[in-house]
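Asks: Provided herewith is a single structure, encoded as structure tokens, for subsequent inquiry.
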Number of protein chains: 2
Amino acid sequence: MLNFEFHNPTRIVFGRDTIARLDALLPPAARVLVLYGGGSVRQNGTLAEVRAALGGREVREFGGIEPNPTYETLMRAVALVRQERLDFLLAVGGGSVIDGTKFVAAALSFTGEDPWTILETHGANVTGAMPFGSVLTLPATGSEMNPTAVITRTETAAKLAFRSPYTFPQFSILDPSKTFTLPARQVANGVVDAFVHITEQYLTFPVDARVQDRFAEGLLQTLIEIGPRAVAQPEDYDTRANLVWTATLALNGLIGAGVPGDWATHMIGHELTARFGIDHARTLAVVLPALLRERREAKRGKLLQYAERVWHITEGTEDARIEAAIRRTEAFFESLGLPTRLSSYAVGTEAIDGLVAQLETHGMTALGEQKEITPEVSRRILEASLVPAA
Amino acid sequence: MLNFEFHNPTRIVFGRDTIARLDALLPPAARVLVLYGGGSVRQNGTLAEVRAALGGREVREFGGIEPNPTYETLMRAVALVRQERLDFLLAVGGGSVIDGTKFVAAALSFTGEDPWTILETHGANVTGAMPFGSVLTLPATGSEMNPTAVITRTETAAKLAFRSPYTFPQFSILDPSKTFTLPARQVANGVVDAFVHITEQYLTFPVDARVQDRFAEGLLQTLIEIGPRAVAQPEDYDTRANLVWTATLALNGLIGAGVPGDWATHMIGHELTARFGIDHARTLAVVLPALLRERREAKRGKLLQYAERVWHITEGTEDARIEAAIRRTEAFFESLGLPTRLSSYAVGTEAIDGLVAQLETHGMTALGEQKEITPEVSRRILEASLVPAA
């Protein structure tokens, strides 16, 4: 096991009818900005429920945070908080709204000249943040229980991440029934996003971290068991509850503590989103299988463990078991409606040079747990993702 | 899944050579009381390492905290902190030292007349605590990452627990190499203590909490895999690392969030310790198998899941699989040197009336996840624990 630090002070309030707990969670005299996205929380009544729970507090609203939240939009929220002298932020939405709220919180306490440097330093220059909480409506990113945010600057087409010890939500309310009205596509995407968050902390090389391995395997098995039903039966509370808690635990620091990580699938996927606008989770479904095949030797020990413990594959040669596990993974993604080949998005060979160049531009030249995923390896992964499954 | 709240702000600093991190974890001007137990931390050099890491800070020491820490001893520590105007507590030891430090921290901030009422109210009247951290030397109780403490008052022979949101350690340093010098018996006891903490949150009734079940099963499987080696090979770092992290996660609130709990094994065991001085973990090894047999119907669903997923027992009738799983559990405890029958401690039928009377005196009249473990059921459990294994 590798040395690690684990610290996660976010309070999780989980279950039915928990939005009413807001009154006890916020300071009585808080002046609140409620941040949200495209308006679905207004249509489905969640926003009204939040406002009712906030009682007589001063409340302002800021809607319109984008699926990939932009610096430009968020700086308008910063201005509104200052103008109205608000002192508590409440994100109501999914990962994008919570990510955006983290940036607003950090920018409000920022003492330097240019808040964009928060992203450029990946959070190293953050020295405080306005207190904030969240009401989660979309299980996927884990932002509700971690300090990380990904922000896009439209002006320069830059998409950067930051994290800071100050940008953990104080609390997150996770009421699985608030996910019932989500479009099926977003739920399926959330299952795959969480699945890949887990494999990125699990499919590396063994360091005898048995608890982390068992926890990762348990989360993967849960997603495999509940994924199709979570998409098909939107009002099955227990299935949604298991999905929400799994997605949160997939990226709250616990399963990654003391083990190597390989975030290359996310990094390569980001370029596909940036270039072709493919949904984030859908890029992961395309990249992961090709990456696992390309990196089969480096990941051999863990791939065999994955085949046996997650997919119960015990017959055949090592290579056959690994290939079978990757095919089961592909079949799982496809069963949720996510293609596993770039060809499904009408992206062909002609796109590869540009994608590899983007990775180089963004400094993504030594990815993976061994830093061996050079641009040339990324090229092979992308090429393999074009090939239809045999 | 049941509704739950989960909040655990303790920072875990895990790994080799992490005691040196103390300098960064404590305020630079902290005036520190180091609390410890019987002196083994002085003999094995851990105390000297702690003092060196604290640099030039004012440091006082308070040794002699007992295996079942007493109010009388701890109130002397409270007096010392006040007299020397110290402002930070650092526990160096196992669960007893950390439990005792939690009480000292709460008593120092207590504004009522009698600090013993902290125990009588189980922590409800705690409104603050002096900041404290821990350096863990014995994996077992999980006290290093939870807010609970069990304190004994010698004068009245009362043993009570308290917990409060204020009594989480600020940080805990977990260096597995600091456990190398533990006596084998304490390590074996720690494995069983952690094992039973897990079963008490897992072997109840199903509530479709898949993540919690998988995590509990993963922790149990890890203990089964590493337990014997952790005892036999004291300097096997990775084995001890897995034991330490498993014992912490067994009782930090995570696997118990959203599921029922059955703490009857601990409650009945406490009476055996109080009456006969049997090591805490050894009482659990005696009570758990008898309790599982007695409560087989109420726990049927989870016992079958335990048999299949933890012990890989899939053949035979339901009752045969349940009995086989309990026998494997007994064999595991025995393999670590812990007897599973009261007769091994020369306790016989004549003791049962007194033990049941103690449970009644302490209000333990409706134990278990269904509150169905009445004194009469506890009697049957104790009687069954007398019978030698067939």
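Starting from 1 in every chain, residues are counted up; chains themselves are A, B, ... following the order of the structure tokens, and ligands are numbered from 1 as listed.
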Write out as a list in words each polymer residue whose atoms come within 8 Å of Val50 of chain B, counting only C-alpha atoms; drop sequence neighbours fewer than 4 positions from it.

Replies: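 Here the answer would be Ile19, Ala20, Leu22, Thr46 and Leu54 of chain B.
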
Asks: Could you list, with a cut-off of 7 Å and counting only C-alpha atoms, the residues of chain A near chain B, each shown with its nearest atom pair and the distance in Å rounded to one decimal, rows sorted by chain and ascending number, as a Markdown table?

Replies:
| residue | atom | partner | partner_atom | distance |
| --- | --- | --- | --- | --- |
| A:Met1 | CA | B:Asp238 | CA | 6.2 |
| A:Asn3 | CA | B:Gly15 | CA | 4.4 |
| A:Phe4 | CA | B:Phe14 | CA | 5.2 |
| A:Glu5 | CA | B:Val13 | CA | 4.6 |
| A:Phe6 | CA | B:Ile12 | CA | 5.0 |
| A:His7 | CA | B:Arg11 | CA | 4.4 |
| A:Asn8 | CA | B:Pro9 | CA | 5.9 |
| A:Pro9 | CA | B:Pro9 | CA | 4.2 |
| A:Thr10 | CA | B:His7 | CA | 6.3 |
| A:Arg11 | CA | B:His7 | CA | 4.4 |
| A:Ile12 | CA | B:Phe6 | CA | 5.0 |
| A:Val13 | CA | B:Glu5 | CA | 4.6 |
| A:Phe14 | CA | B:Phe4 | CA | 5.2 |
| A:Gly15 | CA | B:Asn3 | CA | 4.3 |
| A:Arg16 | CA | B:Asn3 | CA | 6.8 |
| A:Asp208 | CA | B:Asp238 | CA | 6.6 |
| A:Ala209 | CA | B:Asn242 | CA | 6.6 |
| A:Arg210 | CA | B:Thr222 | CA | 6.4 |
| A:Val211 | CA | B:Leu219 | CA | 6.3 |
| A:Arg214 | CA | B:Gly218 | CA | 5.0 |
| A:Phe215 | CA | B:Phe215 | CA | 5.5 |
| A:Gly218 | CA | B:Arg214 | CA | 5.0 |
| A:Leu219 | CA | B:Val211 | CA | 6.3 |
| A:Thr222 | CA | B:Arg210 | CA | 6.4 |
| A:Asp238 | CA | B:Met1 | CA | 6.2 |
| A:Ala241 | CA | B:Met1 | CA | 7.0 |
| A:Asn242 | CA | B:Arg210 | CA | 6.5 |
| A:Thr246 | CA | B:Val211 | CA | 6.6 |

Asks: Save the residues we just selected, N, CA and C atoms, as a tab-separated table (two decimals), in the first residue's frame?

Replies:
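Wrote again_8.tsv, looks like this:
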chain	number	residue	atom	x	y	z
A	1	MET	N	0.85	-1.20	0.00
A	1	MET	CA	0.00	0.00	0.00
A	1	MET	C	0.88	1.25	0.00
A	3	ASN	N	1.75	5.21	0.83
A	3	ASN	CA	1.37	6.19	1.86
A	3	ASN	C	0.25	7.08	1.32
A	4	PHE	N	-0.62	7.57	2.20
A	4	PHE	CA	-1.66	8.49	1.73
A	4	PHE	C	-2.17	9.37	2.86
A	5	GLU	N	-2.83	10.47	2.46
A	5	GLU	CA	-3.64	11.25	3.37
A	5	GLU	C	-5.07	11.19	2.89
A	6	PHE	N	-5.99	11.02	3.81
A	6	PHE	CA	-7.41	11.05	3.46
A	6	PHE	C	-8.11	12.00	4.41
A	7	HIS	N	-8.81	12.97	3.84
A	7	HIS	CA	-9.54	13.94	4.65
A	7	HIS	C	-10.73	14.39	3.83
A	8	ASN	N	-11.93	14.13	4.31
A	8	ASN	CA	-13.12	14.52	3.57
A	8	ASN	C	-14.20	14.99	4.55
A	9	PRO	N	-14.26	16.31	4.76
A	9	PRO	CA	-15.16	16.85	5.79
A	9	PRO	C	-16.59	17.10	5.33
A	10	THR	N	-16.95	16.73	4.09
A	10	THR	CA	-18.32	17.01	3.63
A	10	THR	C	-19.34	16.16	4.38
A	11	ARG	N	-20.39	16.81	4.86
A	11	ARG	CA	-21.48	16.09	5.52
A	11	ARG	C	-22.47	15.63	4.45
A	12	ILE	N	-22.75	14.32	4.43
A	12	ILE	CA	-23.73	13.76	3.49
A	12	ILE	C	-25.05	13.57	4.22
A	13	VAL	N	-26.10	14.13	3.65
A	13	VAL	CA	-27.46	13.95	4.19
A	13	VAL	C	-28.22	13.20	3.11
A	14	PHE	N	-28.50	11.92	3.38
A	14	PHE	CA	-28.93	11.00	2.32
A	14	PHE	C	-30.33	10.47	2.60
A	15	GLY	N	-31.20	10.53	1.59
A	15	GLY	CA	-32.48	9.85	1.71
A	15	GLY	C	-33.66	10.68	1.27
A	16	ARG	N	-34.81	10.08	1.44
A	16	ARG	CA	-36.07	10.74	1.06
A	16	ARG	C	-36.32	11.95	1.95
A	208	ASP	N	-0.89	-4.37	-3.20
A	208	ASP	CA	-1.39	-5.05	-2.00
A	208	ASP	C	-2.25	-4.13	-1.14
A	209	ALA	N	-3.14	-3.41	-1.81
A	209	ALA	CA	-4.10	-2.55	-1.10
A	209	ALA	C	-5.45	-3.25	-1.19
A	210	ARG	N	-5.62	-4.21	-0.27
A	210	ARG	CA	-6.75	-5.13	-0.41
A	210	ARG	C	-8.10	-4.46	-0.18
A	211	VAL	N	-8.15	-3.55	0.78
A	211	VAL	CA	-9.42	-2.89	1.06
A	211	VAL	C	-9.83	-2.03	-0.13
A	214	ARG	N	-11.10	-4.29	-2.87
A	214	ARG	CA	-12.42	-4.86	-2.58
A	214	ARG	C	-13.50	-3.79	-2.70
A	215	PHE	N	-13.21	-2.58	-2.23
A	215	PHE	CA	-14.21	-1.51	-2.32
A	215	PHE	C	-14.48	-1.17	-3.79
A	218	GLY	N	-16.52	-3.85	-5.30
A	218	GLY	CA	-17.89	-3.79	-4.81
A	218	GLY	C	-18.69	-2.70	-5.51
A	219	LEU	N	-18.06	-1.56	-5.74
A	219	LEU	CA	-18.76	-0.47	-6.45
A	219	LEU	C	-19.03	-0.87	-7.91
A	222	THR	N	-21.83	-3.35	-8.05
A	222	THR	CA	-23.11	-2.70	-7.81
A	222	THR	C	-23.61	-2.01	-9.08
A	238	ASP	N	-34.90	2.36	-4.45
A	238	ASP	CA	-33.69	1.70	-3.92
A	238	ASP	C	-32.60	1.58	-4.98
A	241	ALA	N	-31.09	4.90	-5.20
A	241	ALA	CA	-30.31	5.16	-3.98
A	241	ALA	C	-28.93	4.50	-4.09
A	242	ASN	N	-28.92	3.27	-4.57
A	242	ASN	CA	-27.63	2.59	-4.73
A	242	ASN	C	-26.77	3.27	-5.79
A	246	THR	N	-23.21	4.99	-4.86
A	246	THR	CA	-22.05	4.45	-5.58
A	246	THR	C	-21.29	5.55	-6.31

Asks: Please extract the residues of segment 97-266 of chain B with a backbone DSSP assignment of helix (DSSP H, G or I) and present them as a ChimeraX atom specification.

Replies: /B:97-108,117-120,143-145,154-156,165-167,176-179,184-202,210-232,237-250,264-266

Asks: Just the residues within 9 Å of Met267 of chain B, please, counting only C-alpha atoms, with nothing from its chain fewer than 4 positions along; format it as a PyMOL selection string.

Replies: chain B and resi 263+271+359+364+367

Asks: With N, CA and C atoms retained, export the selected residues as a compact mmCIF listing (two decimals), in the first residue's frame.

Replies:
# COMPACT_ATOMS: atom_id res chain seq x y z
N TRP B 263 -25.83 -4.41 17.92
CA TRP B 263 -24.65 -4.30 18.78
C TRP B 263 -24.74 -5.22 20.00
N GLU B 271 -20.45 -7.42 29.53
CA GLU B 271 -20.76 -7.98 30.86
C GLU B 271 -19.77 -9.09 31.22
N LEU B 359 -27.11 -7.46 32.68
CA LEU B 359 -27.69 -6.86 31.47
C LEU B 359 -28.95 -6.07 31.83
N MET B 364 -30.04 -3.26 29.25
CA MET B 364 -29.84 -3.97 27.99
C MET B 364 -30.93 -5.04 27.82
N LEU B 367 -32.16 -5.66 22.88
CA LEU B 367 -30.99 -5.50 22.00
C LEU B 367 -31.27 -6.02 20.60

Asks: Atom CA of Arg21 of chain A and atom CA of Ala53 of chain A are how many Å apart?

Replies: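 Going from atom CA of Arg21 of chain A over to atom CA of Ala53 of chain A covers 7.3 Å.
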
Asks: Could you give me, as a compact mmCIF listing (two decimals) with all heavy atoms, in the first residue's frame, each residue of segment 119-275 of chain A that DSSP assigns to strand (DSSP E or B) when run on this structure's backbone?

Replies:
# COMPACT_ATOMS: atom_id res chain seq x y z
N PHE A 132 -20.29 26.81 1.18
CA PHE A 132 -21.32 26.39 0.22
C PHE A 132 -21.74 24.96 0.50
O PHE A 132 -21.01 24.19 1.12
CB PHE A 132 -20.85 26.55 -1.24
CG PHE A 132 -19.75 25.60 -1.63
CD1 PHE A 132 -20.04 24.43 -2.34
CD2 PHE A 132 -18.43 25.85 -1.30
CE1 PHE A 132 -19.04 23.55 -2.71
CE2 PHE A 132 -17.42 24.98 -1.66
CZ PHE A 132 -17.72 23.82 -2.36
N GLY A 133 -22.95 24.64 0.04
CA GLY A 133 -23.47 23.27 0.10
C GLY A 133 -24.10 22.92 -1.23
O GLY A 133 -24.09 23.73 -2.15
N SER A 134 -24.60 21.68 -1.32
CA SER A 134 -25.24 21.29 -2.57
C SER A 134 -26.47 20.43 -2.32
O SER A 134 -26.58 19.76 -1.30
CB SER A 134 -24.25 20.54 -3.48
OG SER A 134 -24.24 19.14 -3.20
N VAL A 135 -27.39 20.51 -3.27
CA VAL A 135 -28.52 19.58 -3.36
C VAL A 135 -28.33 18.87 -4.70
O VAL A 135 -28.46 19.48 -5.76
CB VAL A 135 -29.87 20.32 -3.33
CG1 VAL A 135 -31.02 19.33 -3.55
CG2 VAL A 135 -30.04 21.07 -2.01
N LEU A 136 -27.98 17.58 -4.63
CA LEU A 136 -27.60 16.85 -5.85
C LEU A 136 -28.84 16.33 -6.58
O LEU A 136 -29.74 15.76 -5.96
CB LEU A 136 -26.71 15.66 -5.48
CG LEU A 136 -26.21 14.83 -6.66
CD1 LEU A 136 -25.10 15.58 -7.40
CD2 LEU A 136 -25.70 13.46 -6.21
N THR A 148 -12.95 19.08 -6.08
CA THR A 148 -12.44 19.33 -7.44
C THR A 148 -13.51 19.96 -8.33
O THR A 148 -14.69 19.64 -8.20
CB THR A 148 -11.96 17.99 -8.05
OG1 THR A 148 -11.00 17.42 -7.17
CG2 THR A 148 -11.34 18.19 -9.42
N ALA A 149 -13.08 20.81 -9.24
CA ALA A 149 -13.99 21.40 -10.23
C ALA A 149 -13.27 21.53 -11.55
O ALA A 149 -12.06 21.78 -11.60
CB ALA A 149 -14.46 22.78 -9.76
N VAL A 150 -14.01 21.37 -12.65
CA VAL A 150 -13.47 21.57 -14.00
C VAL A 150 -14.22 22.75 -14.61
O VAL A 150 -15.45 22.75 -14.67
CB VAL A 150 -13.66 20.30 -14.86
CG1 VAL A 150 -13.08 20.52 -16.26
CG2 VAL A 150 -13.00 19.10 -14.20
N ILE A 151 -13.48 23.76 -15.04
CA ILE A 151 -14.07 25.01 -15.53
C ILE A 151 -13.52 25.30 -16.93
O ILE A 151 -12.34 25.08 -17.20
CB ILE A 151 -13.72 26.19 -14.59
CG1 ILE A 151 -14.10 25.85 -13.14
CG2 ILE A 151 -14.38 27.48 -15.07
CD1 ILE A 151 -15.57 25.66 -12.88
N THR A 152 -14.40 25.79 -17.80
CA THR A 152 -14.02 26.10 -19.19
C THR A 152 -13.99 27.62 -19.37
O THR A 152 -14.87 28.32 -18.86
CB THR A 152 -15.07 25.50 -20.15
OG1 THR A 152 -15.04 24.08 -20.00
CG2 THR A 152 -14.78 25.87 -21.59
N ARG A 153 -12.98 28.13 -20.08
CA ARG A 153 -12.97 29.56 -20.45
C ARG A 153 -13.29 29.66 -21.93
O ARG A 153 -12.50 29.24 -22.78
CB ARG A 153 -11.62 30.18 -20.14
CG ARG A 153 -11.63 31.70 -20.32
CD ARG A 153 -10.50 32.38 -19.58
NE ARG A 153 -10.68 33.82 -19.58
CZ ARG A 153 -9.91 34.65 -18.89
NH1 ARG A 153 -8.93 34.18 -18.15
NH2 ARG A 153 -10.13 35.96 -18.94
N ALA A 158 -10.06 27.06 -23.17
CA ALA A 158 -9.29 26.29 -22.18
C ALA A 158 -10.25 25.61 -21.20
O ALA A 158 -11.25 26.22 -20.80
CB ALA A 158 -8.33 27.20 -21.43
N LYS A 159 -9.97 24.37 -20.86
CA LYS A 159 -10.78 23.62 -19.90
C LYS A 159 -9.82 23.08 -18.85
O LYS A 159 -9.03 22.18 -19.14
CB LYS A 159 -11.50 22.48 -20.63
CG LYS A 159 -12.49 21.71 -19.77
CD LYS A 159 -13.32 20.73 -20.60
CE LYS A 159 -14.31 19.98 -19.73
NZ LYS A 159 -15.18 19.08 -20.49
N LEU A 160 -9.87 23.63 -17.64
CA LEU A 160 -8.88 23.29 -16.62
C LEU A 160 -9.57 22.88 -15.32
O LEU A 160 -10.69 23.29 -15.04
CB LEU A 160 -7.96 24.49 -16.35
CG LEU A 160 -7.07 24.93 -17.52
CD1 LEU A 160 -6.33 26.22 -17.16
CD2 LEU A 160 -6.08 23.83 -17.88
N ALA A 161 -8.85 22.10 -14.52
CA ALA A 161 -9.37 21.64 -13.24
C ALA A 161 -8.64 22.34 -12.10
O ALA A 161 -7.46 22.69 -12.22
CB ALA A 161 -9.19 20.13 -13.10
N PHE A 162 -9.35 22.54 -10.98
CA PHE A 162 -8.66 22.97 -9.76
C PHE A 162 -9.23 22.22 -8.59
O PHE A 162 -10.33 21.66 -8.65
CB PHE A 162 -8.73 24.49 -9.56
CG PHE A 162 -9.97 24.98 -8.87
CD1 PHE A 162 -9.97 25.28 -7.50
CD2 PHE A 162 -11.16 25.14 -9.57
CE1 PHE A 162 -11.12 25.72 -6.86
CE2 PHE A 162 -12.31 25.60 -8.94
CZ PHE A 162 -12.29 25.89 -7.58
N ARG A 163 -8.47 22.17 -7.51
CA ARG A 163 -8.94 21.60 -6.25
C ARG A 163 -8.23 22.32 -5.13
O ARG A 163 -7.11 22.81 -5.30
CB ARG A 163 -8.70 20.10 -6.17
CG ARG A 163 -7.24 19.68 -6.36
CD ARG A 163 -7.11 18.16 -6.35
NE ARG A 163 -7.56 17.61 -5.11
CZ ARG A 163 -8.08 16.40 -4.96
NH1 ARG A 163 -8.20 15.61 -6.00
NH2 ARG A 163 -8.47 15.96 -3.79
N PHE A 171 -21.89 20.60 3.05
CA PHE A 171 -22.83 19.48 3.10
C PHE A 171 -23.33 19.23 1.70
O PHE A 171 -23.25 20.11 0.82
CB PHE A 171 -24.01 19.79 4.03
CG PHE A 171 -24.84 20.97 3.58
CD1 PHE A 171 -25.80 20.82 2.59
CD2 PHE A 171 -24.62 22.23 4.13
CE1 PHE A 171 -26.54 21.91 2.15
CE2 PHE A 171 -25.35 23.32 3.68
CZ PHE A 171 -26.31 23.16 2.69
N SER A 172 -23.82 18.02 1.47
CA SER A 172 -24.54 17.71 0.24
C SER A 172 -25.76 16.88 0.60
O SER A 172 -25.64 15.90 1.35
CB SER A 172 -23.65 16.97 -0.76
OG SER A 172 -22.71 17.87 -1.35
N ILE A 173 -26.89 17.31 0.08
CA ILE A 173 -28.14 16.59 0.28
C ILE A 173 -28.35 15.69 -0.92
O ILE A 173 -28.37 16.15 -2.06
CB ILE A 173 -29.30 17.58 0.45
CG1 ILE A 173 -29.13 18.34 1.77
CG2 ILE A 173 -30.64 16.85 0.38
CD1 ILE A 173 -30.23 19.33 2.07
N LEU A 174 -28.47 14.39 -0.65
CA LEU A 174 -28.63 13.39 -1.71
C LEU A 174 -29.98 12.70 -1.52
O LEU A 174 -30.10 11.76 -0.73
CB LEU A 174 -27.50 12.35 -1.64
CG LEU A 174 -26.12 12.68 -2.24
CD1 LEU A 174 -25.56 13.99 -1.75
CD2 LEU A 174 -25.13 11.56 -1.93

Asks: Can you measure atom CA of Thr167 of chain B to atom CA of Glu144 of chain A for me? One decimal in Å is fine.

Replies: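 Atom CA of Glu144 of chain A lies 24.7 Å from atom CA of Thr167 of chain B.
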
Asks: May I ask for the distance between atom CA of Ser385 of chain B and atom CA of Val259 of chain B, given in Å to one decimal place?

Replies: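 Computed distance, atom CA of Ser385 of chain B to atom CA of Val259 of chain B, equals 27.3 Å.
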
Asks: Select, from B:Leu26, B:Val356, B:Leu182, B:Val377, the residue with the minimum atom-to-atom distance to Asn44 of chain B, counting only C-alpha atoms.

Replies: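 Nearest to Asn44 of chain B: B:Leu182.
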
Asks: Rank B:Ala184, B:Val191, B:Leu119, B:Val287 by their smallest atom-to-atom distance to Tyr71 of chain B, using only C-alpha atoms, and report the top residue only.

Replies: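 That would be B:Leu119, the residue with the smallest distance to Tyr71 of chain B.
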
Asks: When you look at Gln370 of chain B with a cut-off of 10 Å (counting only C-alpha atoms), what residues show up, excluding the ones that are within fewer than 6 positions of it in the same chain? I need them as a list in words.

Replies: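 Contacts, in chain order: Thr204, Phe205, Pro260, Gly261, Asp262 and Ala298 of chain B.
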
Asks: Restricting the output to N, CA, C and O atoms, write the selected residues as a compact mmCIF listing (two decimals), in the first residue's frame.

Replies:
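Wrote out_39.txt, looks like this:
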# COMPACT_ATOMS: atom_id res chain seq x y z
N THR B 204 -27.72 -8.35 9.76
CA THR B 204 -28.99 -7.92 10.34
C THR B 204 -30.11 -8.37 9.40
O THR B 204 -30.31 -9.56 9.25
N PHE B 205 -30.81 -7.44 8.76
CA PHE B 205 -31.77 -7.83 7.72
C PHE B 205 -31.51 -6.97 6.48
O PHE B 205 -30.99 -5.87 6.60
N PRO B 260 -29.38 -1.19 9.20
CA PRO B 260 -29.60 -1.44 10.62
C PRO B 260 -28.32 -1.94 11.29
O PRO B 260 -27.39 -2.39 10.61
N GLY B 261 -28.28 -1.86 12.61
CA GLY B 261 -27.14 -2.37 13.36
C GLY B 261 -27.61 -3.27 14.48
O GLY B 261 -28.72 -3.12 14.98
N ASP B 262 -26.76 -4.22 14.85
CA ASP B 262 -27.06 -5.13 15.97
C ASP B 262 -25.82 -5.19 16.85
O ASP B 262 -24.88 -5.92 16.56
N ALA B 298 -34.21 -14.49 12.21
CA ALA B 298 -34.29 -13.05 11.95
C ALA B 298 -33.21 -12.59 10.97
O ALA B 298 -33.39 -11.63 10.23

Asks: Tell me which of B:His197, B:Arg380, B:Arg229, B:Arg60 sits closest to Ile255 of chain B, counting only C-alpha atoms.

Replies: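 Result for the nearest residue to Ile255 of chain B: B:His197.
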